[in-house]
Each structure stands twice: as C-alpha cells, then as structure tokens.
Amino acid sequence: MHEALVRLFRERPTLAPQLLTEALRVPLPAYSEARIEEGDIAQIVPPARHADAVVLLLNGKPVHAIVVEVQLDRDEDKNFVWPMYVVGLRAQVKCGVTLLVVAPDPSVAAWAAKPISIGHPGCLLTPVVLGPQAVPIVKDVETA
C-alpha cells in the first residue's frame with residue numbers, strides 16, 4: 001500500500017498541490033509546472049534520509065516544494081526526520097516547503113497532524129495531513 005500511494009504522487013506531480021489546495025484548503029503560490037524531484041535531502045552528517053516524494057512547483061524558477069510522506073503506522077522517529085526534510089529542502093530549493101503526510105488510517109492521520117516542537121522557542125512544524133476524512137468521494141466514472 002505504501003509504494004502504491006507513493007507511486008500515485010510520483011506519476012502525477014500535480015496530485016500533491018491539487019490535494020493541498022482543493023481537499024485541505026492550503027494556499028500555494030502561482031506556478032506553471034509541477035515536477036518530481038529526487039527525494040534525497042542531503043545533510044552534513046550521515047545517515048542519508050529519503051523522502052517518499054518531493055514535488056517542486058515552478059514558475060520559471062522554484063516557487064514552492066512539497067515533501068510527500070506516506071505514513072501507514074505511527075513512527076516516533078518521524079518527529080525528528082520530518083523537520084529535517086522541510087528545512088533541508090528549503091535550503092536546497094530556496095523557497096517555501098510544505099510537508100504533506102498521506103495517512104489512510106484515521107488514528108495515524110490524527111497522530112501525524114500533531115505539531116512537532118523543534119526545540120527552538122516558538123518553532124513548531126505542523127504537518128498537513130491528508131487522512132481518509134479529507135479525501136473527496138468520487139461518485140461518477142468520468143471524474144474518476
């Protein structure tokens with residue numbers, strides 16, 4: 001299931017921004033192109049970390065990036081890894097970054113939506129979570 005969901009985002013780069021704006025009402029800057037980038041978000045000290053998918057929105061130059069993480073179970077390590085993805089990618093592409101967590105299980109979605117304290121006063125990362133309650137129901141074949 002994890003790989004199938006990741007593949008949806010990798011094969012259709014416009015899916016992440018579409019879900020963010022339409023299903024989750026997250027505003028994004030104007031862009032003319034969405035493309036998949038490598039999920040390797042370098043850091044000075046190993047180990048290497050790999051996001052499930054990175055979508056880069058461009059309007060001649062990068063205007064926003066989306067880190068897509070598919071989460072099927074709770075994983076407390078993500079509280080340390082996700083902030084690194086966001087700030088590492090922000091430094092790489094020199095624009096804003098949104099963390100989109102796709103969680104098909106309602107309890108995992110609730111867990112993933114909790115703000116993550118970075119440790120610096122006032123600095124919280126609140127993941128944007130696409131859980132089952134936010135997925136639009138498709139009722140006709142043409143739309144599907």
# chains A, B, ... in the order shown; residues from 1 in each chain; ligands from 1

call {"tool": "select_by_dssp", "arguments": {"residues": "stretch 83-136 of chain A", "states": "strand (DSSP E)", "output": "list in words"}}
result
Gly96, Val97, Thr98, Leu99, Leu100, Val101, Val102, Ile116, Ser117, Leu124, Leu125, Val128, Val129 and Leu130 of chain A

call {"tool": "write_last_selection", "arguments": {"atoms": "all heavy atoms", "output": "CSV table (one decimal), in the first residue's frame"}}
result
chain,number,residue,atom,x,y,z
A,96,GLY,N,9.6,28.2,-0.2
A,96,GLY,CA,8.8,27.6,0.9
A,96,GLY,C,8.6,26.1,0.6
A,96,GLY,O,8.6,25.7,-0.5
A,97,VAL,N,8.3,25.4,1.7
A,97,VAL,CA,8.1,23.9,1.6
A,97,VAL,C,7.0,23.6,2.5
A,97,VAL,O,6.8,24.1,3.6
A,97,VAL,CB,9.4,23.2,2.1
A,97,VAL,CG1,9.2,21.7,2.1
A,97,VAL,CG2,10.6,23.5,1.3
A,98,THR,N,6.1,22.7,2.0
A,98,THR,CA,5.0,22.1,2.7
A,98,THR,C,5.2,20.6,2.9
A,98,THR,O,5.6,20.0,2.0
A,98,THR,CB,3.7,22.3,2.0
A,98,THR,OG1,3.4,23.7,1.9
A,98,THR,CG2,2.5,21.7,2.7
A,99,LEU,N,5.0,20.1,4.1
A,99,LEU,CA,5.1,18.7,4.4
A,99,LEU,C,3.6,18.2,4.3
A,99,LEU,O,2.8,18.5,5.1
A,99,LEU,CB,5.6,18.5,5.8
A,99,LEU,CG,5.5,17.0,6.3
A,99,LEU,CD1,6.3,16.1,5.5
A,99,LEU,CD2,6.0,16.9,7.8
A,100,LEU,N,3.4,17.3,3.3
A,100,LEU,CA,2.1,16.6,3.2
A,100,LEU,C,2.2,15.2,3.6
A,100,LEU,O,3.0,14.4,3.0
A,100,LEU,CB,1.6,16.7,1.7
A,100,LEU,CG,0.4,15.9,1.3
A,100,LEU,CD1,-0.8,16.4,2.1
A,100,LEU,CD2,0.1,16.0,-0.2
A,101,VAL,N,1.5,14.8,4.6
A,101,VAL,CA,1.6,13.4,5.1
A,101,VAL,C,0.2,12.8,4.7
A,101,VAL,O,-0.8,13.3,5.0
A,101,VAL,CB,1.7,13.3,6.7
A,101,VAL,CG1,1.7,11.9,7.1
A,101,VAL,CG2,3.0,14.0,7.1
A,102,VAL,N,0.4,11.7,3.9
A,102,VAL,CA,-0.8,10.9,3.5
A,102,VAL,C,-0.9,9.7,4.4
A,102,VAL,O,-0.1,8.9,4.5
A,102,VAL,CB,-0.6,10.4,2.0
A,102,VAL,CG1,-1.8,9.6,1.5
A,102,VAL,CG2,-0.4,11.6,1.1
A,116,ILE,N,5.0,19.4,15.8
A,116,ILE,CA,6.3,18.9,16.2
A,116,ILE,C,7.1,20.1,16.7
A,116,ILE,O,7.4,21.0,16.0
A,116,ILE,CB,7.0,18.2,15.0
A,116,ILE,CG1,6.1,17.0,14.5
A,116,ILE,CG2,8.4,17.7,15.5
A,116,ILE,CD1,6.6,16.5,13.2
A,117,SER,N,7.5,20.0,18.0
A,117,SER,CA,8.4,21.0,18.5
A,117,SER,C,9.8,20.8,18.0
A,117,SER,O,10.4,19.7,18.2
A,117,SER,CB,8.3,21.0,20.0
A,117,SER,OG,9.3,22.0,20.5
A,124,LEU,N,7.5,25.5,15.7
A,124,LEU,CA,6.7,24.2,15.5
A,124,LEU,C,6.5,23.9,14.1
A,124,LEU,O,6.3,24.8,13.3
A,124,LEU,CB,5.3,24.4,16.2
A,124,LEU,CG,5.2,24.5,17.7
A,124,LEU,CD1,3.8,24.8,18.1
A,124,LEU,CD2,5.7,23.2,18.4
A,125,LEU,N,6.6,22.6,13.7
A,125,LEU,CA,6.2,22.2,12.4
A,125,LEU,C,4.9,21.4,12.6
A,125,LEU,O,4.8,20.4,13.3
A,125,LEU,CB,7.3,21.3,11.8
A,125,LEU,CG,6.9,20.6,10.5
A,125,LEU,CD1,6.7,21.6,9.4
A,125,LEU,CD2,8.0,19.5,10.1
A,128,VAL,N,0.8,19.0,7.3
A,128,VAL,CA,-0.5,19.0,6.6
A,128,VAL,C,-0.8,17.5,6.3
A,128,VAL,O,-0.1,16.8,5.7
A,128,VAL,CB,-0.5,19.8,5.4
A,128,VAL,CG1,-1.8,19.8,4.7
A,128,VAL,CG2,-0.1,21.3,5.7
A,129,VAL,N,-2.0,17.0,6.9
A,129,VAL,CA,-2.3,15.6,6.8
A,129,VAL,C,-3.5,15.4,5.9
A,129,VAL,O,-4.5,16.0,6.1
A,129,VAL,CB,-2.5,15.0,8.2
A,129,VAL,CG1,-2.8,13.5,8.1
A,129,VAL,CG2,-1.2,15.2,9.0
A,130,LEU,N,-3.3,14.5,5.0
A,130,LEU,CA,-4.4,14.0,4.1
A,130,LEU,C,-4.8,12.6,4.7
A,130,LEU,O,-4.2,11.6,4.4
A,130,LEU,CB,-4.0,13.9,2.7
A,130,LEU,CG,-5.1,13.4,1.7
A,130,LEU,CD1,-6.2,14.5,1.6
A,130,LEU,CD2,-4.5,13.0,0.4

call {"tool": "closest_atom_pairs", "arguments": {"of": "stretch 67-138 of chain A", "to": "stretch 58-62 of chain A", "cutoff": "8 Å", "atoms": "only C-alpha atoms", "output": "tab-separated table"}}
result
residue	atom	partner	partner_atom	distance
A:Val93	CA	A:Pro62	CA	6.6
A:Lys94	CA	A:Pro62	CA	7.6
A:Cys95	CA	A:Pro62	CA	6.6

call {"tool": "closest_residue", "arguments": {"among": "A:Asp105, A:Glu142, A:Glu22, A:Asp52", "to": "A:Asp73", "atoms": "only C-alpha atoms"}}
result
A:Asp105

call {"tool": "closest_residue", "arguments": {"among": "A:Thr21, A:Pro83, A:Arg35, A:Leu28", "to": "A:Ala51", "atoms": "only C-alpha atoms"}}
result
A:Pro83

call {"tool": "residues_around", "arguments": {"residues": "stretch 4-13 of chain A", "least_positions_apart": "5", "cutoff": "12 Å", "atoms": "only C-alpha atoms", "output": "number ranges by chain"}}
result
A: 18-19, 33-39, 51-58, 65-72, 100-104, 130

call {"tool": "select_by_dssp", "arguments": {"residues": "chain A", "states": "alpha helix (DSSP H)", "output": "PyMOL selection string"}}
result
chain A and resi 2-11+15-18+78-93+106-112
